[in-house]
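Let me begin by presenting the structure, written as structure tokens, before commenting on it.
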Amino acid sequence: MLGGDEFISSPPRKTVRFGGTLTDILLKYQKGETTDFELLKHQLSDPDIKKLPWLRRSREVVEEYLGFLGNLVSAQTVHLRPCLRMIVSQFVPPRVTIREDDVDISDSDDDDESLSENFNTCHRALQTVARYVPSTPQFLMPILVENFPFINKSERTLECYVHNLLRVTVYLPSLRLQILELIIEKLLKLDVSTPQQEIEDAEETANSSDSEEKSPEEGLFDMEEDEERKGNTIVSSSSERMAHPLAERLDILMTILFSYIKDICHVDGKLDINNTKDLYRDLVSVFDKLILPTHASCHVQYFMFYICSFKLALAEAFLDHLWKKLHDPNNPSVIRQTAGSYIGSFLARAKFIPVVTVKACLDLLVNWLHKYIDNQDTGANAYCDVALHGPFYSTCQTVFYTLIFRHKQLLDGNLRKGLSYLQSLNFERIVMCQLNPLKICIPSVVNLFAAITRKYQLVFCYTIIERNNRQFIPVVRSGAGGDLVQTCTNPLDSFFPFDPYVLKRSKKTIDPFYQFWEELSAEDLENLKKPIKRGTSEDEDDDFLKGETPQNDGVVGIAPNSF
């Protein structure tokens, strides 16, 4: 490392076109000689000038350069965009390319030890510009969008860029909502590009090859790249790498997002209510805009699960928000059905939601179902039709799914009181109504609901199930172009958004708050010997569930091996 005097006297990697160094020009400018400074200002629009290596210089030069940036953008705002582009371009590690005979034989991220310091300097530069030009945020956001790396870029590149974007939200809070939207939109693209079945297949293939002996070179790189320091010990993280490359990127970025949420909501280790509320509002806004309209995403939606785990009031607010989406007839049917899926999955899987909140939600949902039946059961539309009654069937499945996961807690302590509560919900009327929800809901959910309600003598569903099986025939509907197509046996196209989280690193953040499925007793399993065949064998039914919800194999995971 060169000293201050030695550095200034040493030839820089690039000089300005009219001769001299940047340091010389800045020194002349301080003495009142502005000619070269004015020339330099005009040349800043030249792409070559913006490549000037100012980050890896001595502290004195960096400070002078930051002052120069401030003076430049305040005097000539026409240079604001080029300066912002120059700063944002440094949000990712530089590439190191080795060429041999005009061929790139190596192209990788620069593993520079001073990378963190360089990023700190970039953020100082951005704050300097923002201090001199108050309109910086509105010019900065399009540049952040434009420079976001493609999802196939290296994990390190994506990690650094997302981390730096989140740092920007700390000192430019007006951009937080837009930056969160940008990041979550990119995460969502990664998520839907990596179906859970593909992730599990890749992991299975990787596990089967673990027995093969690694070469010495592979072992060396594993040690260099995959070891992390945890406490006073070094724990190898090679087992935490996802075999699927896009899943690996998603896992890293979700870990960063979870860390950001935790750091913003906690000050000195204690939950800051005001910060948490503000961030919650932003995340709900992003959820409504991006997550709710997206079918069968697997992992990204867990940012809402995580922030709601901080305080029960947030979880209740989220449930209330989803409830309003569900029962509002002005919302599109598909949004209402998805909101129902989120309610059921959240109630079932969130360990931090107490029984009293589960009961309150069941009361709301079941009362709405009974009112719906009152309005429809005797009318002209009192028949089984998903197109007409989609939100009703989705709500039924939400209630059934919640009962499957929570029935033990609802009955725990005082069995008589618990049974009295469940009987007051009058499941029999819902099951027996003309709309016939047992025919529409996912077979695995219906099977478990039937077993549980039979065990506690709440309602006997098997008569209706058998009648549905006898009446089950292929149904046709008008498809694109007027053709007739056979509907699938999952007409709701259901998925459960908080099914098991499979990304290895970020999974550690979610698992402490997550309710895993508990195996049923032998008596319950005995009751499941009457599966809903619907014209398929047991194995075909499992395959069908996976095929209809490719992003969400947890539908089968509700009851492992239950068929």
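Identifiers for the structure tokens are assigned positionally: chains receive A, B, ... in sequence, residues are indexed from 1 per chain, and ligands are indexed from 1 in the order shown.
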
> Quick one: residues within 7 Å of Leu503 of chain A, only C-alpha atoms counted, chain neighbours fewer than 3 positions away excluded, as an MDAnalysis selection string?
Replying inline: chainID A and resid 251 506:507

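The protein and nucleic acid residues lying at most 8 Å from Leu458 of chain A are Leu422, Gln423, Phe427 and Glu428 of chain A, with only C-alpha atoms considered and sequence neighbours fewer than 6 positions away removed.
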
>> Give me, as a list in words, all polymer residues having an atom no more than 12 Å from Pro173 of chain A, counting only C-alpha atoms and skipping those fewer than 5 positions away in the same chain.
In response: Pro137, Leu165, Leu166, Arg167, Val168, Gln178, Ile179, Leu180, Ile264, Asn275, Asp278, Leu279 and Asp282 of chain A

>> Using only C-alpha atoms for the distances, tell me which of A:Ile442, A:Leu362, A:Met432, A:Leu403 is nearest to Cys461 of chain A.
In response: A:Met432

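Taking atom CA of Ala339 of chain A as the reference point, atom CA of Leu369 of chain A is found at 15.1 Å.
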
> Near Pro354 of chain A, counting only C-alpha atoms, which residues have an atom at most 10 Å away, once you skip same-chain residues fewer than 5 positions from it, shown as a list in words?
Replying inline: Leu312, Leu347, Lys359 and Gln409 of chain A

Give me a file of those residues, with C-alpha atoms, as a PDB file, in the first residue's frame.
```
ATOM      1  CA  LEU A 312     -49.062 -10.654  17.697  1.00  0.00           C
ATOM      2  CA  LEU A 347     -53.370 -19.912  10.753  1.00  0.00           C
ATOM      3  CA  LYS A 359     -60.998 -19.176  17.178  1.00  0.00           C
ATOM      4  CA  GLN A 409     -55.037 -27.159  20.389  1.00  0.00           C
TER       5      GLN A 409
END
```

>> So the first atom is atom CA of Asp385 of chain A and the second is atom CA of Cys441 of chain A; what is the distance between them in Å, to one decimal place?
In response: 12.0 Å

>> Report as a ChimeraX atom specification all protein, DNA and RNA residues lying within 9 Å of segment 288-293 of chain A, evaluated on only C-alpha atoms, omitting residues in the same chain fewer than 3 positions from it.
In response: /A:181,184-185,188,283-285,297,300-301,334-335,338-339,342

For the residues in that selection, give me N, CA and C atoms as a PDB file, in the first residue's frame.
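Okay, result.pdb is ready:
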```
ATOM      1  N   GLU A 181     -40.068  -3.010  -3.513  1.00  0.00           N
ATOM      2  CA  GLU A 181     -40.809  -3.549  -4.657  1.00  0.00           C
ATOM      3  C   GLU A 181     -39.858  -4.122  -5.696  1.00  0.00           C
ATOM      4  N   ILE A 184     -38.189  -7.423  -4.273  1.00  0.00           N
ATOM      5  CA  ILE A 184     -39.133  -8.542  -4.144  1.00  0.00           C
ATOM      6  C   ILE A 184     -39.630  -8.992  -5.518  1.00  0.00           C
ATOM      7  N   GLU A 185     -39.745  -8.067  -6.443  1.00  0.00           N
ATOM      8  CA  GLU A 185     -40.118  -8.453  -7.810  1.00  0.00           C
ATOM      9  C   GLU A 185     -39.056  -9.378  -8.409  1.00  0.00           C
ATOM     10  N   LEU A 188     -39.209 -12.723  -6.712  1.00  0.00           N
ATOM     11  CA  LEU A 188     -40.374 -13.472  -7.175  1.00  0.00           C
ATOM     12  C   LEU A 188     -40.081 -14.173  -8.501  1.00  0.00           C
ATOM     13  N   LEU A 283     -44.283  -3.375   3.506  1.00  0.00           N
ATOM     14  CA  LEU A 283     -44.277  -4.769   3.060  1.00  0.00           C
ATOM     15  C   LEU A 283     -45.683  -5.246   2.674  1.00  0.00           C
ATOM     16  N   VAL A 284     -46.703  -4.790   3.381  1.00  0.00           N
ATOM     17  CA  VAL A 284     -48.076  -5.154   3.004  1.00  0.00           C
ATOM     18  C   VAL A 284     -48.421  -4.571   1.639  1.00  0.00           C
ATOM     19  N   SER A 285     -47.963  -3.356   1.397  1.00  0.00           N
ATOM     20  CA  SER A 285     -48.202  -2.739   0.095  1.00  0.00           C
ATOM     21  C   SER A 285     -47.549  -3.556  -1.023  1.00  0.00           C
ATOM     22  N   SER A 297     -46.239 -19.119  -5.634  1.00  0.00           N
ATOM     23  CA  SER A 297     -44.855 -18.851  -5.235  1.00  0.00           C
ATOM     24  C   SER A 297     -44.576 -19.639  -3.958  1.00  0.00           C
ATOM     25  N   VAL A 300     -40.920 -16.453  -1.330  1.00  0.00           N
ATOM     26  CA  VAL A 300     -40.779 -15.011  -1.150  1.00  0.00           C
ATOM     27  C   VAL A 300     -41.804 -14.463  -0.160  1.00  0.00           C
ATOM     28  N   GLN A 301     -43.020 -15.025  -0.153  1.00  0.00           N
ATOM     29  CA  GLN A 301     -44.074 -14.506   0.721  1.00  0.00           C
ATOM     30  C   GLN A 301     -43.739 -14.642   2.205  1.00  0.00           C
ATOM     31  N   VAL A 334     -60.292 -14.478  -8.148  1.00  0.00           N
ATOM     32  CA  VAL A 334     -59.013 -15.153  -7.947  1.00  0.00           C
ATOM     33  C   VAL A 334     -58.241 -14.550  -6.778  1.00  0.00           C
ATOM     34  N   ILE A 335     -58.343 -13.224  -6.581  1.00  0.00           N
ATOM     35  CA  ILE A 335     -57.683 -12.577  -5.443  1.00  0.00           C
ATOM     36  C   ILE A 335     -58.345 -13.005  -4.141  1.00  0.00           C
ATOM     37  N   THR A 338     -57.215 -16.532  -3.354  1.00  0.00           N
ATOM     38  CA  THR A 338     -55.827 -16.557  -2.882  1.00  0.00           C
ATOM     39  C   THR A 338     -55.726 -16.025  -1.457  1.00  0.00           C
ATOM     40  N   ALA A 339     -56.483 -14.984  -1.155  1.00  0.00           N
ATOM     41  CA  ALA A 339     -56.496 -14.459   0.221  1.00  0.00           C
ATOM     42  C   ALA A 339     -56.966 -15.527   1.188  1.00  0.00           C
ATOM     43  N   TYR A 342     -54.137 -17.890   1.864  1.00  0.00           N
ATOM     44  CA  TYR A 342     -53.153 -17.298   2.778  1.00  0.00           C
ATOM     45  C   TYR A 342     -53.653 -17.340   4.224  1.00  0.00           C
TER      46      TYR A 342
END
```

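The spacing separating atom CA of Arg454 of chain A from atom CA of Ile343 of chain A amounts to 24.5 Å.
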
>> Report as a ChimeraX atom specification all protein, DNA and RNA residues lying within 12 Å of Leu271 of chain A, evaluated on only C-alpha atoms, omitting residues in the same chain fewer than 4 positions from it.
In response: /A:261-267,275-277,307,309-311

Write a file of the selected residues as a PDB file, in the first residue's frame, keeping C-alpha atoms.
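Now in again-v8.pdb:
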```pdb
ATOM      1  CA  ILE A 261     -36.228  -6.780   8.334  1.00  0.00           C
ATOM      2  CA  LYS A 262     -34.770  -7.790  11.681  1.00  0.00           C
ATOM      3  CA  ASP A 263     -32.250  -4.926  11.769  1.00  0.00           C
ATOM      4  CA  ILE A 264     -34.829  -2.275  10.852  1.00  0.00           C
ATOM      5  CA  CYS A 265     -37.374  -3.496  13.408  1.00  0.00           C
ATOM      6  CA  HIS A 266     -34.923  -3.894  16.278  1.00  0.00           C
ATOM      7  CA  VAL A 267     -32.892  -1.137  17.888  1.00  0.00           C
ATOM      8  CA  ASN A 275     -40.024   1.302  12.861  1.00  0.00           C
ATOM      9  CA  THR A 276     -41.792  -2.041  12.722  1.00  0.00           C
ATOM     10  CA  LYS A 277     -45.174  -0.496  11.898  1.00  0.00           C
ATOM     11  CA  ILE A 307     -42.302  -9.732  10.280  1.00  0.00           C
ATOM     12  CA  SER A 309     -43.711 -13.162  14.114  1.00  0.00           C
ATOM     13  CA  PHE A 310     -42.306 -10.092  15.906  1.00  0.00           C
ATOM     14  CA  LYS A 311     -45.598  -9.089  17.522  1.00  0.00           C
TER      15      LYS A 311
END
```

When you look at Leu72 of chain A with a cut-off of 10 Å (counting only C-alpha atoms), what residues show up, excluding the ones that are within fewer than 3 positions of it in the same chain? I need them as a PDB file with all heavy atoms, in the first residue's frame.
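New file around.pdb:
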```
ATOM      1  N   PHE A  37     -10.319  22.497 -14.082  1.00  0.00           N
ATOM      2  CA  PHE A  37     -11.515  22.002 -13.404  1.00  0.00           C
ATOM      3  C   PHE A  37     -12.736  22.107 -14.311  1.00  0.00           C
ATOM      4  O   PHE A  37     -13.561  21.185 -14.376  1.00  0.00           O
ATOM      5  CB  PHE A  37     -11.730  22.787 -12.102  1.00  0.00           C
ATOM      6  CG  PHE A  37     -12.929  22.340 -11.313  1.00  0.00           C
ATOM      7  CD1 PHE A  37     -12.870  21.203 -10.529  1.00  0.00           C
ATOM      8  CD2 PHE A  37     -14.120  23.054 -11.360  1.00  0.00           C
ATOM      9  CE1 PHE A  37     -13.971  20.788  -9.797  1.00  0.00           C
ATOM     10  CE2 PHE A  37     -15.223  22.650 -10.642  1.00  0.00           C
ATOM     11  CZ  PHE A  37     -15.142  21.517  -9.856  1.00  0.00           C
ATOM     12  N   GLU A  38     -12.854  23.218 -15.035  1.00  0.00           N
ATOM     13  CA  GLU A  38     -13.980  23.391 -15.943  1.00  0.00           C
ATOM     14  C   GLU A  38     -13.919  22.371 -17.083  1.00  0.00           C
ATOM     15  O   GLU A  38     -14.938  21.815 -17.491  1.00  0.00           O
ATOM     16  CB  GLU A  38     -13.984  24.820 -16.514  1.00  0.00           C
ATOM     17  CG  GLU A  38     -14.293  25.902 -15.492  1.00  0.00           C
ATOM     18  CD  GLU A  38     -15.677  25.761 -14.907  1.00  0.00           C
ATOM     19  OE1 GLU A  38     -16.589  25.296 -15.621  1.00  0.00           O
ATOM     20  OE2 GLU A  38     -15.853  26.087 -13.715  1.00  0.00           O
ATOM     21  N   LEU A  40     -12.599  19.436 -16.880  1.00  0.00           N
ATOM     22  CA  LEU A  40     -12.947  18.141 -16.291  1.00  0.00           C
ATOM     23  C   LEU A  40     -14.452  17.984 -16.134  1.00  0.00           C
ATOM     24  O   LEU A  40     -15.013  16.905 -16.367  1.00  0.00           O
ATOM     25  CB  LEU A  40     -12.252  17.987 -14.929  1.00  0.00           C
ATOM     26  CG  LEU A  40     -12.506  16.670 -14.186  1.00  0.00           C
ATOM     27  CD1 LEU A  40     -12.053  15.488 -15.020  1.00  0.00           C
ATOM     28  CD2 LEU A  40     -11.794  16.679 -12.842  1.00  0.00           C
ATOM     29  N   LYS A  41     -15.125  19.055 -15.761  1.00  0.00           N
ATOM     30  CA  LYS A  41     -16.586  18.999 -15.626  1.00  0.00           C
ATOM     31  C   LYS A  41     -17.240  18.618 -16.940  1.00  0.00           C
ATOM     32  O   LYS A  41     -18.156  17.798 -16.992  1.00  0.00           O
ATOM     33  CB  LYS A  41     -17.128  20.345 -15.138  1.00  0.00           C
ATOM     34  CG  LYS A  41     -16.884  20.620 -13.665  1.00  0.00           C
ATOM     35  CD  LYS A  41     -17.794  21.714 -13.127  1.00  0.00           C
ATOM     36  CE  LYS A  41     -17.619  23.004 -13.896  1.00  0.00           C
ATOM     37  NZ  LYS A  41     -18.467  24.088 -13.326  1.00  0.00           N
ATOM     38  N   LEU A  44     -16.947  14.896 -17.850  1.00  0.00           N
ATOM     39  CA  LEU A  44     -17.581  13.868 -17.008  1.00  0.00           C
ATOM     40  C   LEU A  44     -18.662  13.091 -17.746  1.00  0.00           C
ATOM     41  O   LEU A  44     -19.017  11.987 -17.365  1.00  0.00           O
ATOM     42  CB  LEU A  44     -18.179  14.503 -15.751  1.00  0.00           C
ATOM     43  CG  LEU A  44     -17.266  14.529 -14.538  1.00  0.00           C
ATOM     44  CD1 LEU A  44     -17.970  15.170 -13.376  1.00  0.00           C
ATOM     45  CD2 LEU A  44     -16.790  13.137 -14.178  1.00  0.00           C
ATOM     46  N   LEU A  66     -14.880  13.267  -3.289  1.00  0.00           N
ATOM     47  CA  LEU A  66     -16.245  13.428  -2.788  1.00  0.00           C
ATOM     48  C   LEU A  66     -16.643  14.901  -2.759  1.00  0.00           C
ATOM     49  O   LEU A  66     -17.772  15.265  -3.106  1.00  0.00           O
ATOM     50  CB  LEU A  66     -16.371  12.815  -1.382  1.00  0.00           C
ATOM     51  CG  LEU A  66     -16.225  11.288  -1.290  1.00  0.00           C
ATOM     52  CD1 LEU A  66     -16.361  10.829   0.157  1.00  0.00           C
ATOM     53  CD2 LEU A  66     -17.242  10.590  -2.155  1.00  0.00           C
ATOM     54  N   GLY A  67     -15.695  15.745  -2.327  1.00  0.00           N
ATOM     55  CA  GLY A  67     -15.978  17.176  -2.354  1.00  0.00           C
ATOM     56  C   GLY A  67     -16.202  17.677  -3.770  1.00  0.00           C
ATOM     57  O   GLY A  67     -17.069  18.524  -4.031  1.00  0.00           O
ATOM     58  N   PHE A  68     -15.401  17.147  -4.700  1.00  0.00           N
ATOM     59  CA  PHE A  68     -15.552  17.514  -6.105  1.00  0.00           C
ATOM     60  C   PHE A  68     -16.929  17.133  -6.633  1.00  0.00           C
ATOM     61  O   PHE A  68     -17.584  17.905  -7.337  1.00  0.00           O
ATOM     62  CB  PHE A  68     -14.442  16.834  -6.901  1.00  0.00           C
ATOM     63  CG  PHE A  68     -14.713  16.776  -8.380  1.00  0.00           C
ATOM     64  CD1 PHE A  68     -14.633  17.917  -9.159  1.00  0.00           C
ATOM     65  CD2 PHE A  68     -15.033  15.575  -8.988  1.00  0.00           C
ATOM     66  CE1 PHE A  68     -14.874  17.854 -10.522  1.00  0.00           C
ATOM     67  CE2 PHE A  68     -15.278  15.509 -10.342  1.00  0.00           C
ATOM     68  CZ  PHE A  68     -15.202  16.655 -11.115  1.00  0.00           C
ATOM     69  N   LEU A  69     -17.402  15.925  -6.279  1.00  0.00           N
ATOM     70  CA  LEU A  69     -18.728  15.487  -6.714  1.00  0.00           C
ATOM     71  C   LEU A  69     -19.807  16.430  -6.196  1.00  0.00           C
ATOM     72  O   LEU A  69     -20.735  16.815  -6.926  1.00  0.00           O
ATOM     73  CB  LEU A  69     -19.014  14.065  -6.216  1.00  0.00           C
ATOM     74  CG  LEU A  69     -18.423  12.896  -6.992  1.00  0.00           C
ATOM     75  CD1 LEU A  69     -18.841  11.587  -6.353  1.00  0.00           C
ATOM     76  CD2 LEU A  69     -18.843  12.941  -8.443  1.00  0.00           C
ATOM     77  N   ALA A  75     -23.384  22.724  -8.755  1.00  0.00           N
ATOM     78  CA  ALA A  75     -23.194  23.812  -9.720  1.00  0.00           C
ATOM     79  C   ALA A  75     -23.782  23.473 -11.079  1.00  0.00           C
ATOM     80  O   ALA A  75     -24.311  24.344 -11.775  1.00  0.00           O
ATOM     81  CB  ALA A  75     -21.700  24.120  -9.859  1.00  0.00           C
ATOM     82  N   GLN A  76     -23.697  22.200 -11.484  1.00  0.00           N
ATOM     83  CA  GLN A  76     -24.167  21.765 -12.796  1.00  0.00           C
ATOM     84  C   GLN A  76     -25.007  20.498 -12.619  1.00  0.00           C
ATOM     85  O   GLN A  76     -24.486  19.386 -12.670  1.00  0.00           O
ATOM     86  CB  GLN A  76     -22.966  21.488 -13.712  1.00  0.00           C
ATOM     87  CG  GLN A  76     -22.091  22.676 -13.996  1.00  0.00           C
ATOM     88  CD  GLN A  76     -22.762  23.669 -14.955  1.00  0.00           C
ATOM     89  OE1 GLN A  76     -23.653  23.300 -15.710  1.00  0.00           O
ATOM     90  NE2 GLN A  76     -22.326  24.918 -14.916  1.00  0.00           N
ATOM     91  N   THR A  77     -26.290  20.663 -12.408  1.00  0.00           N
ATOM     92  CA  THR A  77     -27.141  19.491 -12.165  1.00  0.00           C
ATOM     93  C   THR A  77     -27.283  18.611 -13.397  1.00  0.00           C
ATOM     94  O   THR A  77     -27.785  17.493 -13.301  1.00  0.00           O
ATOM     95  CB  THR A  77     -28.547  19.940 -11.709  1.00  0.00           C
ATOM     96  OG1 THR A  77     -29.072  20.878 -12.664  1.00  0.00           O
ATOM     97  CG2 THR A  77     -28.489  20.580 -10.338  1.00  0.00           C
ATOM     98  N   VAL A  78     -26.851  19.088 -14.550  1.00  0.00           N
ATOM     99  CA  VAL A  78     -26.881  18.257 -15.750  1.00  0.00           C
ATOM    100  C   VAL A  78     -25.993  17.023 -15.581  1.00  0.00           C
ATOM    101  O   VAL A  78     -26.183  16.010 -16.259  1.00  0.00           O
ATOM    102  CB  VAL A  78     -26.444  19.084 -16.978  1.00  0.00           C
ATOM    103  CG1 VAL A  78     -24.960  19.413 -16.903  1.00  0.00           C
ATOM    104  CG2 VAL A  78     -26.748  18.336 -18.280  1.00  0.00           C
ATOM    105  N   HIS A  79     -25.040  17.102 -14.662  1.00  0.00           N
ATOM    106  CA  HIS A  79     -24.144  15.977 -14.414  1.00  0.00           C
ATOM    107  C   HIS A  79     -24.680  15.016 -13.354  1.00  0.00           C
ATOM    108  O   HIS A  79     -23.990  14.054 -13.012  1.00  0.00           O
ATOM    109  CB  HIS A  79     -22.772  16.491 -13.967  1.00  0.00           C
ATOM    110  CG  HIS A  79     -22.072  17.308 -15.006  1.00  0.00           C
ATOM    111  ND1 HIS A  79     -21.736  16.819 -16.246  1.00  0.00           N
ATOM    112  CD2 HIS A  79     -21.655  18.608 -14.989  1.00  0.00           C
ATOM    113  CE1 HIS A  79     -21.131  17.761 -16.954  1.00  0.00           C
ATOM    114  NE2 HIS A  79     -21.077  18.863 -16.219  1.00  0.00           N
ATOM    115  N   LEU A  80     -25.891  15.264 -12.845  1.00  0.00           N
ATOM    116  CA  LEU A  80     -26.410  14.435 -11.760  1.00  0.00           C
ATOM    117  C   LEU A  80     -26.559  12.978 -12.191  1.00  0.00           C
ATOM    118  O   LEU A  80     -26.084  12.059 -11.505  1.00  0.00           O
ATOM    119  CB  LEU A  80     -27.756  14.987 -11.278  1.00  0.00           C
ATOM    120  CG  LEU A  80     -28.452  14.168 -10.181  1.00  0.00           C
ATOM    121  CD1 LEU A  80     -27.577  14.112  -8.929  1.00  0.00           C
ATOM    122  CD2 LEU A  80     -29.819  14.773  -9.839  1.00  0.00           C
ATOM    123  N   CYS A  83     -23.252  11.089 -12.690  1.00  0.00           N
ATOM    124  CA  CYS A  83     -22.609  10.825 -11.398  1.00  0.00           C
ATOM    125  C   CYS A  83     -23.313   9.686 -10.657  1.00  0.00           C
ATOM    126  O   CYS A  83     -22.661   8.813 -10.070  1.00  0.00           O
ATOM    127  CB  CYS A  83     -22.602  12.089 -10.542  1.00  0.00           C
ATOM    128  SG  CYS A  83     -21.445  13.350 -11.113  1.00  0.00           S
ATOM    129  N   VAL A 129     -24.100  13.536  -2.717  1.00  0.00           N
ATOM    130  CA  VAL A 129     -24.883  14.032  -3.846  1.00  0.00           C
ATOM    131  C   VAL A 129     -26.300  14.365  -3.398  1.00  0.00           C
ATOM    132  O   VAL A 129     -26.855  15.417  -3.760  1.00  0.00           O
ATOM    133  CB  VAL A 129     -24.900  12.997  -4.985  1.00  0.00           C
ATOM    134  CG1 VAL A 129     -25.856  13.421  -6.085  1.00  0.00           C
ATOM    135  CG2 VAL A 129     -23.497  12.800  -5.545  1.00  0.00           C
ATOM    136  N   TYR A 132     -26.618  17.683  -1.579  1.00  0.00           N
ATOM    137  CA  TYR A 132     -26.538  18.887  -2.418  1.00  0.00           C
ATOM    138  C   TYR A 132     -27.724  19.010  -3.369  1.00  0.00           C
ATOM    139  O   TYR A 132     -28.105  20.121  -3.745  1.00  0.00           O
ATOM    140  CB  TYR A 132     -25.234  18.879  -3.221  1.00  0.00           C
ATOM    141  CG  TYR A 132     -24.020  19.250  -2.406  1.00  0.00           C
ATOM    142  CD1 TYR A 132     -23.117  18.276  -1.985  1.00  0.00           C
ATOM    143  CD2 TYR A 132     -23.773  20.575  -2.046  1.00  0.00           C
ATOM    144  CE1 TYR A 132     -22.003  18.613  -1.240  1.00  0.00           C
ATOM    145  CE2 TYR A 132     -22.663  20.917  -1.299  1.00  0.00           C
ATOM    146  CZ  TYR A 132     -21.778  19.934  -0.892  1.00  0.00           C
ATOM    147  OH  TYR A 132     -20.671  20.276  -0.143  1.00  0.00           O
TER     148      TYR A 132
END
```
